[in-house]
Structures are given as structure tokens and as C-alpha cells.
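Data from run.txt: compact mmCIF, C-alpha atoms
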# COMPACT_ATOMS: atom_id res chain seq x y z
CA MET A 1 19.67 41.13 23.43
CA MET A 2 20.64 41.69 27.01
CA ASP A 3 24.25 41.54 28.00
CA ILE A 4 26.11 42.29 31.19
CA GLU A 5 29.72 42.95 32.03
CA GLN A 6 32.00 40.03 32.79
CA GLN A 7 31.15 38.80 36.25
CA THR A 8 33.74 38.27 38.92
CA SER A 9 34.61 34.60 39.15
CA PHE A 10 33.04 33.83 42.53
CA ARG A 11 29.69 35.11 43.74
CA ALA A 12 28.50 33.73 47.07
CA PHE A 13 24.95 32.65 47.87
CA SER A 14 23.15 33.70 51.04
CA ASP A 15 19.42 33.36 51.76
CA TYR A 16 18.40 33.19 48.09
CA ARG A 17 20.41 36.25 47.16
CA TRP A 18 23.76 36.33 45.39
CA ASP A 19 26.68 38.74 45.65
CA GLU A 20 26.58 41.43 42.96
CA VAL A 21 23.19 40.27 41.64
CA ALA A 22 20.36 42.81 41.74
CA CYS A 23 17.01 41.57 43.05
CA LEU A 24 14.37 43.09 40.80
CA PRO A 25 10.61 43.19 40.95
CA TYR A 26 9.14 41.32 37.99
CA LYS A 27 6.89 43.16 35.49
CA GLU A 28 6.33 45.97 37.95
CA ASP A 29 4.66 48.06 35.24
CA GLY A 30 1.40 46.22 35.90
CA ALA A 31 1.23 44.94 32.32
CA ALA A 32 0.55 41.37 33.41
CA PRO A 33 -1.30 39.71 36.28
CA PHE A 34 1.05 38.08 38.75
CA LYS A 35 1.68 38.14 42.47
CA ALA A 36 4.82 39.05 44.35
CA ILE A 37 7.64 37.83 42.13
CA SER A 38 11.27 38.83 42.19
CA ARG A 39 13.87 38.21 39.50
CA GLN A 40 17.64 37.85 39.74
CA VAL A 41 19.77 37.45 36.61
CA LEU A 42 22.56 35.04 37.56
CA PHE A 43 24.32 34.66 34.20
CA ALA A 44 23.78 36.66 31.01
CA GLU A 45 27.15 36.90 29.29
CA GLY A 46 26.62 37.20 25.54
CA GLN A 47 28.95 34.36 24.61
CA LEU A 48 26.77 31.86 26.51
CA GLY A 49 23.93 32.34 24.03
CA CYS A 50 21.47 32.08 26.91
CA GLU A 51 20.64 33.48 30.32
CA LEU A 52 20.06 31.92 33.71
CA ARG A 53 17.60 33.73 35.93
CA TYR A 54 16.24 32.98 39.42
CA PHE A 55 12.57 33.81 40.01
CA GLU A 56 10.93 33.67 43.39
CA MET A 57 7.31 34.13 44.33
CA ALA A 58 5.98 34.59 47.85
CA ALA A 59 4.06 31.80 49.60
CA GLY A 60 0.70 31.50 47.88
CA GLY A 61 1.89 33.65 44.97
CA ASN A 62 1.85 32.82 41.28
CA SER A 63 3.56 33.71 38.04
CA THR A 64 1.83 35.14 34.98
CA LEU A 65 -0.23 32.71 32.89
CA GLU A 66 1.46 33.17 29.53
CA ARG A 67 2.97 31.60 26.44
CA HIS A 68 5.64 32.53 23.88
CA GLU A 69 7.71 31.11 21.07
CA HIS A 70 10.87 30.64 23.14
CA MET A 71 11.15 27.67 25.45
CA HIS A 72 11.90 27.69 29.17
CA ALA A 73 14.18 25.20 30.90
CA VAL A 74 13.36 25.30 34.62
CA MET A 75 14.82 23.75 37.76
CA ILE A 76 12.97 24.28 41.04
CA LEU A 77 15.39 25.52 43.69
CA ARG A 78 13.26 26.37 46.73
CA GLY A 79 9.88 25.42 48.14
CA CYS A 80 6.98 23.49 46.74
CA GLY A 81 4.01 24.29 44.58
CA GLN A 82 2.23 23.40 41.41
CA CYS A 83 2.95 24.11 37.79
CA LEU A 84 0.70 24.20 34.73
CA VAL A 85 2.34 23.27 31.41
CA GLY A 86 -0.06 22.96 28.50
CA GLU A 87 -2.94 20.90 29.83
CA GLU A 88 -0.99 19.31 32.67
CA VAL A 89 -0.88 20.43 36.32
CA ARG A 90 1.80 18.81 38.45
CA PRO A 91 3.30 19.28 41.90
CA VAL A 92 6.90 20.49 41.92
CA ARG A 93 9.59 20.42 44.56
CA PRO A 94 13.30 21.26 44.79
CA PHE A 95 15.52 20.20 41.90
CA ASP A 96 12.61 18.93 39.78
CA LEU A 97 12.96 19.88 36.10
CA VAL A 98 10.21 21.54 34.06
CA THR A 99 10.43 21.94 30.28
CA ILE A 100 8.09 24.52 28.79
CA PRO A 101 7.93 24.06 25.01
CA SER A 102 7.19 26.78 22.46
CA TRP A 103 3.72 28.34 22.56
CA THR A 104 2.67 26.36 25.63
CA TRP A 105 0.57 28.02 28.35
CA HIS A 106 2.33 27.86 31.70
CA GLN A 107 2.05 29.17 35.22
CA PHE A 108 3.77 28.48 38.54
CA ARG A 109 2.00 28.67 41.89
CA ALA A 110 3.71 28.55 45.30
CA ALA A 111 2.26 26.42 48.08
CA GLY A 112 1.11 28.23 51.18
CA GLY A 113 3.97 27.77 53.60
CA GLU A 114 7.09 28.97 51.82
CA PRO A 115 8.30 30.92 48.78
CA LEU A 116 8.69 29.02 45.51
CA GLY A 117 11.96 29.73 43.71
CA PHE A 118 13.26 28.37 40.45
CA LEU A 119 16.06 28.71 37.93
CA CYS A 120 14.91 29.51 34.40
CA MET A 121 17.25 29.15 31.42
CA VAL A 122 16.29 30.91 28.16
CA ASN A 123 17.86 31.78 24.84
CA ALA A 124 19.28 35.31 24.97
CA LEU A 125 17.26 36.14 21.81
CA ARG A 126 13.59 35.63 22.59
CA ASP A 127 10.11 36.94 21.95
CA LYS A 128 7.75 38.64 24.37
CA PRO A 129 5.09 36.61 26.24
CA GLN A 130 1.44 36.60 25.21
CA LEU A 131 -1.41 36.63 27.72
CA PRO A 132 -4.53 34.50 27.13
CA THR A 133 -7.63 36.06 25.58
CA GLU A 134 -10.92 35.49 27.38
CA GLN A 135 -11.70 32.71 24.91
CA GLU A 136 -8.34 31.03 25.46
CA LEU A 137 -8.79 31.27 29.21
CA ALA A 138 -12.26 29.72 28.94
CA ALA A 139 -10.83 26.87 26.84
CA LEU A 140 -8.16 26.22 29.47
CA LYS A 141 -10.77 26.24 32.24
CA SER A 142 -12.80 23.61 30.42
CA HIS A 143 -10.26 21.17 31.87
CA PRO A 144 -11.31 20.58 35.51
CA ALA A 145 -7.72 20.20 36.76
CA ILE A 146 -6.72 23.48 35.11
CA ALA A 147 -9.82 25.26 36.41
CA ALA A 148 -8.98 24.08 39.93
CA PHE A 149 -5.38 25.22 39.52
CA LEU A 150 -6.27 28.66 38.14
CA ASP A 151 -9.01 29.35 40.69
CA VAL A 152 -6.98 28.43 43.79
CA MET B 1 26.25 20.53 18.06
CA MET B 2 24.51 18.19 20.44
CA ASP B 3 20.75 18.01 20.44
CA ILE B 4 18.24 15.75 22.11
CA GLU B 5 14.59 15.02 21.56
CA GLN B 6 11.98 17.20 23.20
CA GLN B 7 11.85 16.29 26.87
CA THR B 8 8.63 15.49 28.66
CA SER B 9 7.46 18.51 30.60
CA PHE B 10 8.07 17.22 34.13
CA ARG B 11 11.10 15.24 35.25
CA ALA B 12 11.31 14.51 38.96
CA PHE B 13 14.45 14.72 41.07
CA SER B 14 15.47 12.00 43.52
CA ASP B 15 18.86 11.61 45.21
CA TYR B 16 20.76 13.66 42.60
CA ARG B 17 19.30 11.76 39.69
CA TRP B 18 16.51 12.89 37.40
CA ASP B 19 13.80 10.95 35.58
CA GLU B 20 14.77 10.12 32.00
CA VAL B 21 18.28 11.55 32.40
CA ALA B 22 21.17 9.17 31.82
CA CYS B 23 24.00 9.26 34.37
CA LEU B 24 27.22 8.99 32.39
CA PRO B 25 30.81 8.54 33.41
CA TYR B 26 32.85 11.59 32.41
CA LYS B 27 35.77 11.21 29.99
CA GLU B 28 35.97 7.49 30.63
CA ASP B 29 38.39 7.10 27.73
CA GLY B 30 41.24 8.06 30.04
CA ALA B 31 42.18 11.05 27.88
CA ALA B 32 42.28 13.40 30.85
CA PRO B 33 43.23 13.12 34.51
CA PHE B 34 40.22 13.32 36.80
CA LYS B 35 38.68 11.30 39.60
CA ALA B 36 35.24 9.75 39.82
CA ILE B 37 32.99 12.20 37.99
CA SER B 38 29.55 11.60 36.59
CA ARG B 39 27.65 13.76 34.11
CA GLN B 40 23.92 14.21 33.55
CA VAL B 41 22.64 16.38 30.71
CA LEU B 42 19.52 18.11 32.07
CA PHE B 43 18.64 20.37 29.14
CA ALA B 44 20.11 20.37 25.64
CA GLU B 45 17.30 21.33 23.28
CA GLY B 46 18.75 23.06 20.22
CA GLN B 47 16.52 26.12 20.44
CA LEU B 48 17.97 27.03 23.86
CA GLY B 49 21.36 27.74 22.31
CA CYS B 50 23.01 26.24 25.38
CA GLU B 51 23.06 23.17 27.58
CA LEU B 52 22.67 22.62 31.30
CA ARG B 53 24.62 19.71 32.72
CA TYR B 54 25.01 18.36 36.28
CA PHE B 55 28.45 17.08 37.22
CA GLU B 56 29.20 15.26 40.42
CA MET B 57 32.49 14.09 41.83
CA ALA B 58 32.94 11.71 44.74
CA ALA B 59 34.14 12.96 48.13
CA GLY B 60 37.80 13.87 47.73
CA GLY B 61 37.53 13.74 43.95
CA ASN B 62 38.44 16.43 41.45
CA SER B 63 37.66 17.55 37.94
CA THR B 64 40.20 17.87 35.15
CA LEU B 65 42.52 20.89 35.29
CA GLU B 66 41.77 22.42 31.89
CA ARG B 67 40.96 25.52 29.87
CA HIS B 68 39.10 26.30 26.65
CA GLU B 69 37.70 29.17 24.63
CA HIS B 70 34.09 28.69 25.77
CA MET B 71 33.04 29.98 29.17
CA HIS B 72 31.37 28.01 31.95
CA ALA B 73 28.55 29.32 34.11
CA VAL B 74 28.41 27.19 37.27
CA MET B 75 26.11 26.89 40.27
CA ILE B 76 27.11 24.54 43.07
CA LEU B 77 24.20 22.25 43.93
CA ARG B 78 25.57 19.74 46.45
CA GLY B 79 28.41 19.51 48.94
CA CYS B 80 31.41 21.68 49.57
CA GLY B 81 34.85 21.95 48.14
CA GLN B 82 37.33 24.27 46.53
CA CYS B 83 37.59 25.70 43.07
CA LEU B 84 40.51 27.09 41.11
CA VAL B 85 39.71 29.79 38.54
CA GLY B 86 42.72 31.43 36.95
CA GLU B 87 45.01 32.25 39.85
CA GLU B 88 42.31 32.20 42.51
CA VAL B 89 41.38 29.29 44.81
CA ARG B 90 38.14 29.69 46.72
CA PRO B 91 35.86 27.55 48.88
CA VAL B 92 32.46 26.81 47.34
CA ARG B 93 29.19 25.63 48.83
CA PRO B 94 25.62 25.08 47.61
CA PHE B 95 24.13 27.70 45.33
CA ASP B 96 27.37 29.69 45.02
CA LEU B 97 28.02 30.91 41.46
CA VAL B 98 31.31 30.41 39.62
CA THR B 99 32.08 32.12 36.31
CA ILE B 100 34.90 30.59 34.31
CA PRO B 101 35.97 32.99 31.55
CA SER B 102 37.52 32.02 28.20
CA TRP B 103 40.96 30.41 28.33
CA THR B 104 41.06 30.33 32.12
CA TRP B 105 42.53 27.33 33.95
CA HIS B 106 39.98 25.78 36.28
CA GLN B 107 39.48 22.76 38.48
CA PHE B 108 36.93 21.68 41.11
CA ARG B 109 37.82 19.59 44.13
CA ALA B 110 35.30 17.98 46.51
CA ALA B 111 35.86 18.15 50.26
CA GLY B 112 36.31 14.87 52.06
CA GLY B 113 32.92 14.18 53.53
CA GLU B 114 30.44 14.36 50.68
CA PRO B 115 30.19 14.45 46.90
CA LEU B 116 30.48 17.85 45.19
CA GLY B 117 27.82 18.45 42.53
CA PHE B 118 27.29 21.46 40.32
CA LEU B 119 25.23 22.74 37.41
CA CYS B 120 27.28 23.88 34.43
CA MET B 121 25.74 25.96 31.64
CA VAL B 122 27.62 26.17 28.31
CA ASN B 123 27.00 27.33 24.77
CA ALA B 124 25.86 24.40 22.62
CA LEU B 125 28.66 25.26 20.17
CA ARG B 126 31.96 25.00 21.95
CA ASP B 127 35.59 23.99 21.62
CA LYS B 128 37.39 21.08 23.25
CA PRO B 129 39.33 21.58 26.50
CA GLN B 130 43.13 21.88 26.60
CA LEU B 131 45.28 20.30 29.30
CA PRO B 132 48.26 22.15 30.76
CA THR B 133 51.74 21.49 29.45
CA GLU B 134 54.43 20.74 32.02
CA GLN B 135 55.58 24.35 31.71
CA GLU B 136 52.08 25.71 32.22
CA LEU B 137 51.60 23.45 35.25
CA ALA B 138 54.89 24.65 36.71
CA ALA B 139 53.83 28.27 36.19
CA LEU B 140 50.54 27.60 38.00
CA LYS B 141 52.39 25.90 40.86
CA SER B 142 54.59 28.94 41.32
CA HIS B 143 51.60 30.40 43.16
CA PRO B 144 51.67 28.86 46.67
CA ALA B 145 47.86 28.75 46.99
CA ILE B 146 47.54 26.96 43.66
CA ALA B 147 50.35 24.54 44.51
CA ALA B 148 48.57 23.69 47.78
CA PHE B 149 45.28 23.21 45.94
CA LEU B 150 46.76 21.00 43.21
CA ASP B 151 48.83 18.85 45.58
CA VAL B 152 46.01 18.10 48.05
Now, as a test, write the supplied structure out as C-alpha cells.
Amino acid sequence: MMDIEQQTSFRAFSDYRWDEVACLPYKEDGAAPFKAISRQVLFAEGQLGCELRYFEMAAGGNSTLERHEHMHAVMILRGCGQCLVGEEVRPVRPFDLVTIPSWTWHQFRAAGGEPLGFLCMVNALRDKPQLPTEQELAALKSHPAIAAFLDV
Amino acid sequence: MMDIEQQTSFRAFSDYRWDEVACLPYKEDGAAPFKAISRQVLFAEGQLGCELRYFEMAAGGNSTLERHEHMHAVMILRGCGQCLVGEEVRPVRPFDLVTIPSWTWHQFRAAGGEPLGFLCMVNALRDKPQLPTEQELAALKSHPAIAAFLDV
């Protein structure tokens, strides 16, 4: 379980960065396929029971296609794009909400013109993501809308 | 502990309302002093361990001056205003972060021109707020900046 020291009360926003919040590359160890994502942990105090993170991918970039037991509660904050949740692909834009249930394949993809940024709330105690096997990926691509989304 | 049914995966935003999210008056029973606040619960699935709510007060409105054991993790989403946390009064604007620690007096106040809206993340298990006694209010008002904030 991740914890951080008590934050100061006020942390100002400027250009999708926040005072005292580190901007980290996401999964930089190359363990998962993704493209140009940064991560900022906005709140992670233990007594909250959860964490709020801000992820941002460059224009045209995408997050990892993955699933896990823990759920994600997402609010888009910046830019437009598309999101796959289960067998559904939908456009997303600022302040839209996306619920990613347990064990549901999901991926975000930024449109071409602008970064896509979103808030993601998760339980502080959570499992690690799984990547699709070749068979699972083939099953997903049997849906034309998903194939079109994944092959963009 | 509050819980809700599993949300649909995508809930669109429009004019500070969200699909399938009820917009509720806040503390309408008159138990606490406040002015024109609405509340929308965006995420409250039990497995998250926490809830994400959106509160909005009308231009010139304010939230209740209160404190409690549970902490608040806040991100301003709309409009400008001021916020009291402990003995500090600070201006706030969209996407600024405000951390309200345990047992810390706090109040939000919208500027005159526009509603002030913010996300507030809390542990799903939490205590009820306390209002200040006359003595506690007098102690707060002994700070000139707080007196100016409270008497606006």
C-alpha cells in the first residue's frame, strides 16, 4: 500500500501540473505496451482508502490494454479521444465519467490534436494489471469496432 | 456505508450534470448554515473504498463551516472563490487541489460572478461534521483574515 506524507493544504494547478506533485513516466520499465504516458499522484493519504491519480497521454497516444480485479473510476479532464471498456468503444471528452469494472479489458486512446488527460480513482489496496494473451487479443479483435479501435 | 449499484461504463457530462447522476440539494433539512449547494455523487461503488462527489454552490454562496475526523481531498472544477482551511484563507480556481486534514475547520465561498464547483473525495466510512460553538467561532474570528472571509 502506497502512502505519502500529509500534503500541504493548497496546491495550485498550472498547465496540467500541480505544485509539489511529481510528474512520472508510466511503466517506464518497458513491461507493458503503451505510448507516451505520464502519471501524477494527486492524493494518496492512507486514511482516504483510495488514491487519485492524473494520467496524460500525448496526442495520438494510448494507454496499456489491460485488465485487473480492482475497478477504475475515471473522469476525463483534458482533450478528447476514445475508450474501450469491455466490448464497448466510446468517444470521451472533458468531464465525462468512465467506470471500469473488475476484470474488464480497457484502453484509452488520445485523438490526434491534443493530449488526453484523465483522473483515475482506485482503492489503495489493489492487484497488478494483466495483459491479454494472443488468444484473448484475437477474441477482442473479432469485434469489428474493437479491431478498428486497436488498429488505429 | 453508502453503496450504489454498478454504474454503466460511460456517463456523459453536460453543463455540470452527468448522465444517470441525481442532482441533490445539500443538507436541505436546515441542520447546518449554508447557501445554495447541490451535490452529485459521481462514484460510490463499495469496492473503491471511497466516494467521489461534485458539490456546486451558486455565485456568492458558501459551504458550511465545519470540521470532522475524516479528511477531504478536493479538486476545484468550476469557477473561482476562496477557501478556509484551518487558519489559512486562499483563493482557488479550476483544477487547484485542496487537502482538508482531520478535525480542521473549513469552508468554501464562491466568488460573485459564477458558481463554484469542486470534486470531493472521501473515505466511504466517515463521521458526521461538527459545527463550531460560539467560542470556537470567536477564536476563528480573532484572526483578521478569517474574520474578513467569514463576514463577506
Exercise for the section: Determine which residues of chain B sit within 6 Å of chain A, taking into account all atoms listed in the file, and present them as a list in words. Expected result: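 Result, ordered by chain then number: Ser9, Phe10, Arg11, Ala12, Phe13, Leu48, Gly49, Phe95, Asp96, Leu97, Val98, Thr99 and Asn123 of chain B.
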Mind fitting chain A to chain B by least squares on all Cα atoms in order and giving back the moved coordinates as a PDB file with C-alpha atoms, keeping the file's coordinate frame?
ATOM      1  CA  MET A   1      26.301  20.395  18.156  1.00  0.00           C
ATOM      2  CA  MET A   2      24.512  18.068  20.492  1.00  0.00           C
ATOM      3  CA  ASP A   3      20.769  17.928  20.467  1.00  0.00           C
ATOM      4  CA  ILE A   4      18.233  15.718  22.165  1.00  0.00           C
ATOM      5  CA  GLU A   5      14.588  14.979  21.583  1.00  0.00           C
ATOM      6  CA  GLN A   6      11.978  17.189  23.198  1.00  0.00           C
ATOM      7  CA  GLN A   7      11.842  16.294  26.857  1.00  0.00           C
ATOM      8  CA  THR A   8       8.636  15.492  28.643  1.00  0.00           C
ATOM      9  CA  SER A   9       7.463  18.512  30.588  1.00  0.00           C
ATOM     10  CA  PHE A  10       8.078  17.220  34.115  1.00  0.00           C
ATOM     11  CA  ARG A  11      11.106  15.245  35.236  1.00  0.00           C
ATOM     12  CA  ALA A  12      11.320  14.521  38.956  1.00  0.00           C
ATOM     13  CA  PHE A  13      14.466  14.732  41.068  1.00  0.00           C
ATOM     14  CA  SER A  14      15.491  12.009  43.503  1.00  0.00           C
ATOM     15  CA  ASP A  15      18.887  11.630  45.197  1.00  0.00           C
ATOM     16  CA  TYR A  16      20.776  13.674  42.591  1.00  0.00           C
ATOM     17  CA  ARG A  17      19.296  11.757  39.692  1.00  0.00           C
ATOM     18  CA  TRP A  18      16.510  12.892  37.387  1.00  0.00           C
ATOM     19  CA  ASP A  19      13.807  10.947  35.569  1.00  0.00           C
ATOM     20  CA  GLU A  20      14.776  10.132  31.980  1.00  0.00           C
ATOM     21  CA  VAL A  21      18.292  11.565  32.390  1.00  0.00           C
ATOM     22  CA  ALA A  22      21.189   9.170  31.809  1.00  0.00           C
ATOM     23  CA  CYS A  23      24.004   9.256  34.368  1.00  0.00           C
ATOM     24  CA  LEU A  24      27.228   8.997  32.399  1.00  0.00           C
ATOM     25  CA  PRO A  25      30.828   8.553  33.405  1.00  0.00           C
ATOM     26  CA  TYR A  26      32.846  11.608  32.398  1.00  0.00           C
ATOM     27  CA  LYS A  27      35.780  11.244  29.958  1.00  0.00           C
ATOM     28  CA  GLU A  28      35.917   7.519  30.563  1.00  0.00           C
ATOM     29  CA  ASP A  29      38.363   7.102  27.674  1.00  0.00           C
ATOM     30  CA  GLY A  30      41.208   8.048  30.011  1.00  0.00           C
ATOM     31  CA  ALA A  31      42.169  11.039  27.863  1.00  0.00           C
ATOM     32  CA  ALA A  32      42.286  13.397  30.833  1.00  0.00           C
ATOM     33  CA  PRO A  33      43.231  13.106  34.499  1.00  0.00           C
ATOM     34  CA  PHE A  34      40.224  13.317  36.777  1.00  0.00           C
ATOM     35  CA  LYS A  35      38.692  11.309  39.580  1.00  0.00           C
ATOM     36  CA  ALA A  36      35.259   9.765  39.818  1.00  0.00           C
ATOM     37  CA  ILE A  37      32.999  12.194  37.984  1.00  0.00           C
ATOM     38  CA  SER A  38      29.555  11.592  36.587  1.00  0.00           C
ATOM     39  CA  ARG A  39      27.670  13.755  34.107  1.00  0.00           C
ATOM     40  CA  GLN A  40      23.943  14.208  33.552  1.00  0.00           C
ATOM     41  CA  VAL A  41      22.638  16.388  30.717  1.00  0.00           C
ATOM     42  CA  LEU A  42      19.527  18.105  32.083  1.00  0.00           C
ATOM     43  CA  PHE A  43      18.638  20.365  29.145  1.00  0.00           C
ATOM     44  CA  ALA A  44      20.105  20.366  25.635  1.00  0.00           C
ATOM     45  CA  GLU A  45      17.299  21.342  23.280  1.00  0.00           C
ATOM     46  CA  GLY A  46      18.770  23.072  20.234  1.00  0.00           C
ATOM     47  CA  GLN A  47      16.540  26.129  20.434  1.00  0.00           C
ATOM     48  CA  LEU A  48      17.982  27.041  23.854  1.00  0.00           C
ATOM     49  CA  GLY A  49      21.379  27.764  22.310  1.00  0.00           C
ATOM     50  CA  CYS A  50      23.016  26.247  25.382  1.00  0.00           C
ATOM     51  CA  GLU A  51      23.071  23.173  27.578  1.00  0.00           C
ATOM     52  CA  LEU A  52      22.668  22.612  31.291  1.00  0.00           C
ATOM     53  CA  ARG A  53      24.624  19.715  32.717  1.00  0.00           C
ATOM     54  CA  TYR A  54      25.010  18.363  36.268  1.00  0.00           C
ATOM     55  CA  PHE A  55      28.468  17.076  37.213  1.00  0.00           C
ATOM     56  CA  GLU A  56      29.197  15.250  40.417  1.00  0.00           C
ATOM     57  CA  MET A  57      32.491  14.089  41.830  1.00  0.00           C
ATOM     58  CA  ALA A  58      32.931  11.707  44.747  1.00  0.00           C
ATOM     59  CA  ALA A  59      34.139  12.963  48.138  1.00  0.00           C
ATOM     60  CA  GLY A  60      37.789  13.892  47.755  1.00  0.00           C
ATOM     61  CA  GLY A  61      37.528  13.745  43.958  1.00  0.00           C
ATOM     62  CA  ASN A  62      38.426  16.427  41.446  1.00  0.00           C
ATOM     63  CA  SER A  63      37.650  17.553  37.933  1.00  0.00           C
ATOM     64  CA  THR A  64      40.192  17.873  35.133  1.00  0.00           C
ATOM     65  CA  LEU A  65      42.520  20.886  35.275  1.00  0.00           C
ATOM     66  CA  GLU A  66      41.762  22.436  31.902  1.00  0.00           C
ATOM     67  CA  ARG A  67      40.958  25.530  29.885  1.00  0.00           C
ATOM     68  CA  HIS A  68      39.089  26.328  26.657  1.00  0.00           C
ATOM     69  CA  GLU A  69      37.686  29.187  24.644  1.00  0.00           C
ATOM     70  CA  HIS A  70      34.083  28.701  25.773  1.00  0.00           C
ATOM     71  CA  MET A  71      33.013  29.969  29.162  1.00  0.00           C
ATOM     72  CA  HIS A  72      31.362  28.003  31.956  1.00  0.00           C
ATOM     73  CA  ALA A  73      28.542  29.329  34.120  1.00  0.00           C
ATOM     74  CA  VAL A  74      28.413  27.180  37.264  1.00  0.00           C
ATOM     75  CA  MET A  75      26.103  26.897  40.260  1.00  0.00           C
ATOM     76  CA  ILE A  76      27.110  24.547  43.076  1.00  0.00           C
ATOM     77  CA  LEU A  77      24.205  22.258  43.935  1.00  0.00           C
ATOM     78  CA  ARG A  78      25.566  19.749  46.455  1.00  0.00           C
ATOM     79  CA  GLY A  79      28.406  19.535  48.946  1.00  0.00           C
ATOM     80  CA  CYS A  80      31.411  21.694  49.584  1.00  0.00           C
ATOM     81  CA  GLY A  81      34.877  21.966  48.157  1.00  0.00           C
ATOM     82  CA  GLN A  82      37.321  24.289  46.531  1.00  0.00           C
ATOM     83  CA  CYS A  83      37.582  25.697  43.057  1.00  0.00           C
ATOM     84  CA  LEU A  84      40.525  27.104  41.108  1.00  0.00           C
ATOM     85  CA  VAL A  85      39.701  29.795  38.529  1.00  0.00           C
ATOM     86  CA  GLY A  86      42.721  31.445  36.954  1.00  0.00           C
ATOM     87  CA  GLU A  87      45.015  32.243  39.854  1.00  0.00           C
ATOM     88  CA  GLU A  88      42.305  32.192  42.508  1.00  0.00           C
ATOM     89  CA  VAL A  89      41.371  29.293  44.814  1.00  0.00           C
ATOM     90  CA  ARG A  90      38.131  29.704  46.730  1.00  0.00           C
ATOM     91  CA  PRO A  91      35.856  27.562  48.878  1.00  0.00           C
ATOM     92  CA  VAL A  92      32.467  26.803  47.343  1.00  0.00           C
ATOM     93  CA  ARG A  93      29.205  25.638  48.832  1.00  0.00           C
ATOM     94  CA  PRO A  94      25.629  25.085  47.638  1.00  0.00           C
ATOM     95  CA  PHE A  95      24.128  27.696  45.329  1.00  0.00           C
ATOM     96  CA  ASP A  96      27.371  29.689  45.035  1.00  0.00           C
ATOM     97  CA  LEU A  97      28.023  30.900  41.475  1.00  0.00           C
ATOM     98  CA  VAL A  98      31.312  30.403  39.626  1.00  0.00           C
ATOM     99  CA  THR A  99      32.073  32.120  36.315  1.00  0.00           C
ATOM    100  CA  ILE A 100      34.898  30.585  34.310  1.00  0.00           C
ATOM    101  CA  PRO A 101      35.961  32.996  31.557  1.00  0.00           C
ATOM    102  CA  SER A 102      37.516  32.033  28.225  1.00  0.00           C
ATOM    103  CA  TRP A 103      40.958  30.412  28.332  1.00  0.00           C
ATOM    104  CA  THR A 104      41.057  30.342  32.131  1.00  0.00           C
ATOM    105  CA  TRP A 105      42.530  27.327  33.950  1.00  0.00           C
ATOM    106  CA  HIS A 106      39.982  25.787  36.291  1.00  0.00           C
ATOM    107  CA  GLN A 107      39.472  22.770  38.487  1.00  0.00           C
ATOM    108  CA  PHE A 108      36.931  21.687  41.101  1.00  0.00           C
ATOM    109  CA  ARG A 109      37.818  19.591  44.136  1.00  0.00           C
ATOM    110  CA  ALA A 110      35.307  17.981  46.517  1.00  0.00           C
ATOM    111  CA  ALA A 111      35.853  18.163  50.263  1.00  0.00           C
ATOM    112  CA  GLY A 112      36.325  14.888  52.069  1.00  0.00           C
ATOM    113  CA  GLY A 113      32.925  14.182  53.549  1.00  0.00           C
ATOM    114  CA  GLU A 114      30.447  14.366  50.691  1.00  0.00           C
ATOM    115  CA  PRO A 115      30.184  14.458  46.893  1.00  0.00           C
ATOM    116  CA  LEU A 116      30.481  17.843  45.188  1.00  0.00           C
ATOM    117  CA  GLY A 117      27.827  18.460  42.540  1.00  0.00           C
ATOM    118  CA  PHE A 118      27.284  21.455  40.325  1.00  0.00           C
ATOM    119  CA  LEU A 119      25.235  22.735  37.415  1.00  0.00           C
ATOM    120  CA  CYS A 120      27.287  23.881  34.431  1.00  0.00           C
ATOM    121  CA  MET A 121      25.745  25.962  31.643  1.00  0.00           C
ATOM    122  CA  VAL A 122      27.617  26.171  28.312  1.00  0.00           C
ATOM    123  CA  ASN A 123      26.995  27.347  24.780  1.00  0.00           C
ATOM    124  CA  ALA A 124      25.857  24.420  22.628  1.00  0.00           C
ATOM    125  CA  LEU A 125      28.658  25.276  20.143  1.00  0.00           C
ATOM    126  CA  ARG A 126      31.968  25.012  21.962  1.00  0.00           C
ATOM    127  CA  ASP A 127      35.586  23.999  21.611  1.00  0.00           C
ATOM    128  CA  LYS A 128      37.387  21.093  23.232  1.00  0.00           C
ATOM    129  CA  PRO A 129      39.336  21.592  26.495  1.00  0.00           C
ATOM    130  CA  GLN A 130      43.117  21.884  26.583  1.00  0.00           C
ATOM    131  CA  LEU A 131      45.244  20.295  29.299  1.00  0.00           C
ATOM    132  CA  PRO A 132      48.244  22.169  30.751  1.00  0.00           C
ATOM    133  CA  THR A 133      51.740  21.465  29.438  1.00  0.00           C
ATOM    134  CA  GLU A 134      54.425  20.729  32.015  1.00  0.00           C
ATOM    135  CA  GLN A 135      55.586  24.335  31.721  1.00  0.00           C
ATOM    136  CA  GLU A 136      52.079  25.697  32.229  1.00  0.00           C
ATOM    137  CA  LEU A 137      51.595  23.442  35.229  1.00  0.00           C
ATOM    138  CA  ALA A 138      54.896  24.630  36.714  1.00  0.00           C
ATOM    139  CA  ALA A 139      53.826  28.260  36.203  1.00  0.00           C
ATOM    140  CA  LEU A 140      50.543  27.586  38.002  1.00  0.00           C
ATOM    141  CA  LYS A 141      52.373  25.883  40.872  1.00  0.00           C
ATOM    142  CA  SER A 142      54.590  28.920  41.332  1.00  0.00           C
ATOM    143  CA  HIS A 143      51.593  30.374  43.178  1.00  0.00           C
ATOM    144  CA  PRO A 144      51.654  28.830  46.687  1.00  0.00           C
ATOM    145  CA  ALA A 145      47.848  28.742  47.000  1.00  0.00           C
ATOM    146  CA  ILE A 146      47.540  26.953  43.656  1.00  0.00           C
ATOM    147  CA  ALA A 147      50.342  24.528  44.517  1.00  0.00           C
ATOM    148  CA  ALA A 148      48.563  23.684  47.775  1.00  0.00           C
ATOM    149  CA  PHE A 149      45.276  23.216  45.932  1.00  0.00           C
ATOM    150  CA  LEU A 150      46.737  21.007  43.190  1.00  0.00           C
ATOM    151  CA  ASP A 151      48.798  18.850  45.555  1.00  0.00           C
ATOM    152  CA  VAL A 152      45.995  18.102  48.037  1.00  0.00           C
TER     153      VAL A 152
END
Exercise for the section: May I have the residues within 12 Å of Phe149 (chain A) as a ChimeraX atom specification, using only C-alpha atoms and disregarding those fewer than 3 positions away in the same chain? Expected result: /A:62,65,81-85,87-91,106-111,140-146,152
Handout entry: Long-range neighbours of Ala22 (chain A) as an NGL selection string, 7 Å cut-off, all atoms listed in the file, 2 positions minimum in chain
Key = :A and (20 or 24 or 40)
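Note that the spacing between CA of Tyr26 (chain A) and CA of Arg39 (chain A) amounts to 5.9 Å.
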